[in-house]
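**Student:** Just dropping this structure here.
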Amino acid sequence: FSQRGLTEEFQRHFRRIPSMHQRLDTQIQAQDLARWRYEMAVEQQNYVFKNRSQLTPGLQYTQPDWGKSENISISDLYIESMLLELLGLYLGLNAGRKTHDKIPQLEVNRTLIQTLIPDDRSKISTKLRTYLTAYDTVENVSLEKVHALFTSVKLTTSVWAPADLYMMFSILYNQFVRLWNKGDASTFFMHIRDLYIWAIEHNILQIEGVLSPASYRNLMTFCIRTQSYTLAQKYMIQLKDQLPLGLREETFTICKAMLLTEQGQFNKVLKLLGMARFQVESFEINGRWLSLQAHHGLYPEDTEWRLQQTERHLRYTKSRKLLNPRFQLAYQNQFRLYKRILTVTPEKQQKIWNEIRKTNPVHNKPWLMRLLSHDIKTGSQ
């Protein structure tokens with residue numbers, strides 16, 4: 001709203017709602033107001049959806065078909081439109097926050113939402129009921145609530161607009177991450193894998209049929225981390241043609257190398273990456289790391305060569321200017337810790353293991369920890 005200069009307009013109309021409601025004396029006026037409020041909510045959601053990427057601006061989406069809407073009274077329609085708007089604003093602001101700080105807009109929206117929620121939720125529409133479930137989940141996140149929300153959205157996918165589905169995907173993803181940050185990491189990758197599969201199969205993450213390399217790679221990563229190798233192979237091939245043409249081959253190559261590395265097919269990894277050239281800096285760094293892993297698996301005694309290559313890759317990673325800072329730091333930590341493992345003495349293994357465990361962010365932490373002895377790992381746990 002702020003980007004479109006509508007913030008003040010929205011607030012001005014919102015302040016007028018109580019007096020406007022008192023003056024309503026005909027059903028037509030009530031219906032017009034309800035539709036206006038509802039369309040404002042839909043417009044806000046579509047704006048967020050359409051601007052999640054700058055690749056294809058100006059996408060158009062169909063407005064709600066009022067002739068086929070559920071049989072609800074005008075007053076219910078009015079309240080529902082208010083709630084949808086408030087919930088959309090509230091969830092959009094609050095879904096990804098690790099803590100619920102008391103900021104004015106969130107507090108105002110929370111109070112209004114709690115005031116407008118009907119006592120009997122069975123009489124409200126499916127869409128509003130699901131939004132309220134999302135609100136309950138964000139307010140007090142738990143694995144059971146996130147599962148219930150995901151189940152509800154999946155069962156009603158066909159009746160949701162694209163903007164609603166994208167918002168629900170974002171909410172679900174952020175809540176799974178919140179659970180992970182709270183220490184509930186046991187099944188995190190499995191849940192995120194299933195969420196990504198659902199979103200991609202329903203074209204929620206695609207823009208005009210194009211899937212971003214990041215989403216494609218994320219799905220492959222989650223499949224590999226859950227040892228779902230058959231799923232990884234299936235979607236790697238099935239979704240390849242949805243990748244942007246200019247990045248299609250290198251995205252496919254890096255993901256294939258990830259899968260082959262995890263499966264221990266190191267000769268194939270070195271052959272695949274030896275001929276590869278990457279435009280994307282993150283792919284280049286990932287390719288260098290996968291080559292190191294493959295070399296480690298094939299030639300474990302060749303420590304000196306790997307030390308030289310690790311130092312070279314660390315310098316390269318530090319020199320990149322276009323990388324996401326957190327991604328860059330995670331790879332720097334990975335190369336730095338791998339260097340220490342290559343030169344560690346037996347009496348220092350416990351110290352290195354503890355350092356790896358405590359360091360964040362760091363890519364491929366489980367693999368680094370597995371390089372140290374089983375006794376050390378057991379002792380630290």
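Identifiers in this document derive from the order of the structure tokens: chains are assigned A, B, ..., residues are numbered from 1 separately in each chain, and ligands are numbered from 1 in order of occurrence.
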Could you list, as a JSON list (two decimals) with N, CA and C atoms, in the first residue's frame, every residue within 12 Å of A:Gly274, counting only C-alpha atoms and ignoring same-chain residues fewer than 2 positions away?

**Tutor:**
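Everything below was put into part37.json:
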```
[["chain", "number", "residue", "atom", "x", "y", "z"],
["A", 253, "THR", "N", 22.53, -28.73, -13.62],
["A", 253, "THR", "CA", 23.84, -29.36, -13.37],
["A", 253, "THR", "C", 24.20, -29.33, -11.89],
["A", 254, "ILE", "N", 24.03, -28.18, -11.23],
["A", 254, "ILE", "CA", 24.43, -28.08, -9.83],
["A", 254, "ILE", "C", 23.55, -28.96, -8.95],
["A", 257, "ALA", "N", 24.62, -32.55, -9.44],
["A", 257, "ALA", "CA", 25.87, -32.79, -8.70],
["A", 257, "ALA", "C", 25.60, -32.95, -7.21],
["A", 266, "PHE", "N", 31.08, -40.23, -6.65],
["A", 266, "PHE", "CA", 32.04, -39.14, -6.72],
["A", 266, "PHE", "C", 32.71, -39.00, -8.09],
["A", 267, "ASN", "N", 32.98, -40.11, -8.77],
["A", 267, "ASN", "CA", 33.57, -40.02, -10.11],
["A", 267, "ASN", "C", 32.65, -39.25, -11.05],
["A", 268, "LYS", "N", 31.36, -39.52, -10.97],
["A", 268, "LYS", "CA", 30.40, -38.82, -11.82],
["A", 268, "LYS", "C", 30.33, -37.34, -11.47],
["A", 269, "VAL", "N", 30.49, -37.01, -10.18],
["A", 269, "VAL", "CA", 30.46, -35.61, -9.76],
["A", 269, "VAL", "C", 31.63, -34.84, -10.38],
["A", 270, "LEU", "N", 32.84, -35.41, -10.28],
["A", 270, "LEU", "CA", 34.02, -34.73, -10.81],
["A", 270, "LEU", "C", 33.93, -34.59, -12.33],
["A", 271, "LYS", "N", 33.42, -35.61, -13.00],
["A", 271, "LYS", "CA", 33.27, -35.54, -14.45],
["A", 271, "LYS", "C", 32.25, -34.47, -14.84],
["A", 272, "LEU", "N", 31.14, -34.41, -14.11],
["A", 272, "LEU", "CA", 30.08, -33.44, -14.40],
["A", 272, "LEU", "C", 30.55, -32.01, -14.17],
["A", 276, "ALA", "N", 31.73, -28.00, -16.29],
["A", 276, "ALA", "CA", 30.66, -27.02, -16.04],
["A", 276, "ALA", "C", 31.23, -25.61, -15.86],
["A", 277, "ARG", "N", 30.47, -24.62, -16.33],
["A", 277, "ARG", "CA", 30.78, -23.21, -16.12],
["A", 277, "ARG", "C", 29.51, -22.53, -15.62],
["A", 278, "PHE", "N", 29.64, -21.76, -14.53],
["A", 278, "PHE", "CA", 28.47, -21.19, -13.88],
["A", 278, "PHE", "C", 28.48, -19.66, -13.95],
["A", 284, "GLU", "N", 28.68, -21.29, -8.59],
["A", 284, "GLU", "CA", 30.12, -21.51, -8.74],
["A", 284, "GLU", "C", 30.74, -21.96, -7.42],
["A", 287, "GLY", "N", 29.56, -25.46, -6.60],
["A", 287, "GLY", "CA", 30.25, -26.43, -7.44],
["A", 287, "GLY", "C", 31.65, -26.71, -6.94],
["A", 288, "ARG", "N", 32.37, -25.68, -6.51],
["A", 288, "ARG", "CA", 33.71, -25.88, -5.96],
["A", 288, "ARG", "C", 33.67, -26.74, -4.69],
["A", 290, "LEU", "N", 31.31, -28.97, -3.87],
["A", 290, "LEU", "CA", 30.95, -30.34, -4.22],
["A", 290, "LEU", "C", 32.14, -31.09, -4.81],
["A", 291, "SER", "N", 32.98, -30.40, -5.57],
["A", 291, "SER", "CA", 34.20, -31.02, -6.09],
["A", 291, "SER", "C", 35.13, -31.42, -4.96],
["A", 292, "LEU", "N", 35.24, -30.56, -3.95],
["A", 292, "LEU", "CA", 36.06, -30.90, -2.77],
["A", 292, "LEU", "C", 35.52, -32.13, -2.06],
["A", 294, "ALA", "N", 33.72, -34.54, -3.34],
["A", 294, "ALA", "CA", 33.96, -35.72, -4.17],
["A", 294, "ALA", "C", 35.41, -36.15, -4.09],
["A", 295, "HIS", "N", 36.34, -35.20, -4.13],
["A", 295, "HIS", "CA", 37.76, -35.52, -4.03],
["A", 295, "HIS", "C", 38.08, -36.15, -2.68]]
```

**Student:** Quick one: pick out all helix (DSSP H, G or I) residues within stretch 305-363 of chain A from a backbone DSSP run and write them as a PyMOL selection string.

**Tutor:** chain A and resi 305-319+325-343+346-358

**Student:** Have a look at A:Cys255, A:Leu132, A:Leu245, A:Leu165 and name the one nearest to A:Leu205; count only C-alpha atoms.

**Tutor:**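 Selected residue with least distance to A:Leu205: A:Leu165.
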
**Student:** Write out as a PyMOL selection string which residues come within 10 Å of stretch 229-241 of chain A when counting only C-alpha atoms, dropping same-chain ones fewer than 2 positions away.

**Tutor:** chain A and resi 193+197+200-201+209-211+213+216-217+219-227+243-245+248-249+251-253+255-256+259-260+262-263

**Student:** Please, could you write that set of residues out with C-alpha atoms as an mmCIF file, in the first residue's frame?

**Tutor:**
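Just written: result.cif:
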```
data_model
loop_
_atom_site.group_PDB
_atom_site.id
_atom_site.type_symbol
_atom_site.label_atom_id
_atom_site.label_comp_id
_atom_site.auth_asym_id
_atom_site.auth_seq_id
_atom_site.Cartn_x
_atom_site.Cartn_y
_atom_site.Cartn_z
ATOM 1 C CA ARG A 193 9.885 -30.601 1.367
ATOM 2 C CA ILE A 197 6.094 -29.956 -3.521
ATOM 3 C CA ILE A 200 5.114 -26.138 -7.062
ATOM 4 C CA GLU A 201 2.550 -28.722 -8.142
ATOM 5 C CA GLY A 209 4.983 -20.845 -15.881
ATOM 6 C CA VAL A 210 8.608 -20.063 -14.937
ATOM 7 C CA LEU A 211 10.134 -21.494 -11.744
ATOM 8 C CA PRO A 213 16.395 -21.394 -9.847
ATOM 9 C CA TYR A 216 14.071 -25.423 -7.860
ATOM 10 C CA ARG A 217 17.286 -25.775 -5.895
ATOM 11 C CA LEU A 219 13.198 -28.351 -3.449
ATOM 12 C CA MET A 220 16.185 -30.492 -4.474
ATOM 13 C CA THR A 221 17.963 -29.610 -1.224
ATOM 14 C CA PHE A 222 14.994 -30.584 0.933
ATOM 15 C CA CYS A 223 14.515 -33.862 -0.960
ATOM 16 C CA ILE A 224 18.210 -34.704 -0.562
ATOM 17 C CA ARG A 225 18.301 -33.752 3.137
ATOM 18 C CA THR A 226 15.398 -36.160 3.767
ATOM 19 C CA GLN A 227 17.093 -38.854 1.627
ATOM 20 C CA LEU A 243 13.518 -23.023 -15.325
ATOM 21 C CA PRO A 244 14.528 -19.745 -17.030
ATOM 22 C CA LEU A 245 16.149 -20.642 -20.334
ATOM 23 C CA ARG A 248 18.385 -23.855 -17.061
ATOM 24 C CA GLU A 249 21.440 -26.008 -17.719
ATOM 25 C CA THR A 251 20.775 -24.961 -12.374
ATOM 26 C CA PHE A 252 20.101 -28.535 -13.459
ATOM 27 C CA THR A 253 23.839 -29.355 -13.365
ATOM 28 C CA CYS A 255 21.371 -29.909 -8.506
ATOM 29 C CA LYS A 256 22.385 -33.127 -10.241
ATOM 30 C CA LEU A 259 22.305 -35.541 -5.655
ATOM 31 C CA LEU A 260 25.255 -37.554 -6.999
ATOM 32 C CA GLU A 262 24.916 -37.403 -1.541
ATOM 33 C CA GLN A 263 24.663 -40.815 -3.230
#
```

**Student:** Quick one: residues within 12 Å of A:Gln309, only C-alpha atoms counted, chain neighbours fewer than 2 positions away excluded, as a list in words?

**Tutor:**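 Contacts, in chain order: Arg288, Trp289, Ser291, Leu292, Gln293, His295, His296, Asp302, Thr303, Glu304, Trp305, Arg306, Leu307, Glu311, Arg312, His313, Leu314, Arg315, Tyr316, Phe335, Arg336, Tyr338, Lys339 and Leu342 of chain A.
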
**Student:** Write the residues of the selection above to a file with N, CA, C and O atoms, as a short mmCIF file (atom, residue, chain, number, x, y, z; two decimals), in the first residue's frame.

**Tutor:**
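This went into part-v5.cif:
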```cif
data_model
loop_
_atom_site.label_atom_id
_atom_site.label_comp_id
_atom_site.auth_asym_id
_atom_site.auth_seq_id
_atom_site.Cartn_x
_atom_site.Cartn_y
_atom_site.Cartn_z
N ARG A 288 32.37 -25.68 -6.51
CA ARG A 288 33.71 -25.88 -5.96
C ARG A 288 33.67 -26.74 -4.69
O ARG A 288 34.53 -27.60 -4.48
N TRP A 289 32.65 -26.48 -3.87
CA TRP A 289 32.54 -27.27 -2.64
C TRP A 289 32.21 -28.73 -2.95
O TRP A 289 32.80 -29.64 -2.36
N SER A 291 32.98 -30.40 -5.57
CA SER A 291 34.20 -31.02 -6.09
C SER A 291 35.13 -31.42 -4.96
O SER A 291 35.75 -32.49 -4.99
N LEU A 292 35.24 -30.56 -3.95
CA LEU A 292 36.06 -30.90 -2.77
C LEU A 292 35.52 -32.13 -2.06
O LEU A 292 36.28 -33.02 -1.66
N GLN A 293 34.21 -32.18 -1.87
CA GLN A 293 33.60 -33.34 -1.23
C GLN A 293 33.88 -34.62 -2.02
O GLN A 293 34.20 -35.67 -1.44
N HIS A 295 36.34 -35.20 -4.13
CA HIS A 295 37.76 -35.52 -4.03
C HIS A 295 38.08 -36.15 -2.68
O HIS A 295 38.88 -37.09 -2.58
N HIS A 296 37.44 -35.63 -1.64
CA HIS A 296 37.65 -36.20 -0.30
C HIS A 296 37.20 -37.66 -0.26
O HIS A 296 37.85 -38.50 0.36
N ASP A 302 44.90 -37.44 0.13
CA ASP A 302 45.49 -36.29 -0.56
C ASP A 302 45.12 -34.99 0.16
O ASP A 302 44.48 -34.10 -0.40
N THR A 303 45.56 -34.86 1.40
CA THR A 303 45.18 -33.72 2.24
C THR A 303 45.79 -32.42 1.75
O THR A 303 45.13 -31.37 1.76
N GLU A 304 47.03 -32.46 1.30
CA GLU A 304 47.72 -31.23 0.91
C GLU A 304 47.03 -30.54 -0.26
O GLU A 304 46.85 -29.32 -0.25
N TRP A 305 46.60 -31.30 -1.25
CA TRP A 305 45.91 -30.71 -2.40
C TRP A 305 44.61 -30.06 -1.95
O TRP A 305 44.27 -28.95 -2.38
N ARG A 306 43.86 -30.74 -1.09
CA ARG A 306 42.58 -30.18 -0.63
C ARG A 306 42.78 -28.94 0.22
O ARG A 306 41.96 -28.01 0.18
N LEU A 307 43.87 -28.89 0.99
CA LEU A 307 44.16 -27.68 1.77
C LEU A 307 44.39 -26.48 0.84
O LEU A 307 43.87 -25.38 1.08
N GLU A 311 41.80 -23.18 0.61
CA GLU A 311 42.25 -21.81 0.81
C GLU A 311 41.92 -20.96 -0.42
O GLU A 311 41.48 -19.80 -0.28
N ARG A 312 42.11 -21.53 -1.60
CA ARG A 312 41.78 -20.81 -2.83
C ARG A 312 40.29 -20.49 -2.91
O ARG A 312 39.88 -19.38 -3.25
N HIS A 313 39.46 -21.47 -2.57
CA HIS A 313 38.01 -21.26 -2.63
C HIS A 313 37.55 -20.28 -1.56
O HIS A 313 36.59 -19.52 -1.79
N LEU A 314 38.21 -20.28 -0.42
CA LEU A 314 37.86 -19.34 0.64
C LEU A 314 38.15 -17.91 0.20
O LEU A 314 37.33 -17.00 0.42
N ARG A 315 39.28 -17.70 -0.44
CA ARG A 315 39.60 -16.36 -0.95
C ARG A 315 38.60 -15.93 -2.01
O ARG A 315 38.16 -14.77 -2.04
N TYR A 316 38.24 -16.84 -2.89
CA TYR A 316 37.26 -16.54 -3.92
C TYR A 316 35.92 -16.13 -3.30
O TYR A 316 35.30 -15.14 -3.72
N PHE A 335 34.29 -23.44 4.49
CA PHE A 335 35.66 -23.65 4.03
C PHE A 335 36.65 -23.52 5.19
O PHE A 335 37.61 -24.30 5.28
N ARG A 336 36.41 -22.55 6.07
CA ARG A 336 37.33 -22.34 7.20
C ARG A 336 37.34 -23.55 8.12
O ARG A 336 38.41 -24.03 8.55
N TYR A 338 36.43 -26.61 7.38
CA TYR A 338 36.98 -27.77 6.67
C TYR A 338 38.51 -27.75 6.71
O TYR A 338 39.16 -28.79 6.89
N LYS A 339 39.11 -26.56 6.57
CA LYS A 339 40.57 -26.44 6.69
C LYS A 339 41.05 -26.92 8.05
O LYS A 339 42.06 -27.63 8.17
N LEU A 342 41.03 -30.70 8.32
CA LEU A 342 42.10 -31.35 7.57
C LEU A 342 43.42 -31.35 8.34
O LEU A 342 44.27 -32.21 8.09
#
```

**Student:** Ranking A:Gln265, A:Ser212, A:Thr359, A:Ser282 by minimum distance to A:Gly246 and counting only C-alpha atoms, which one comes first?

**Tutor:**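 Smallest separation from A:Gly246 among the options: A:Ser212.
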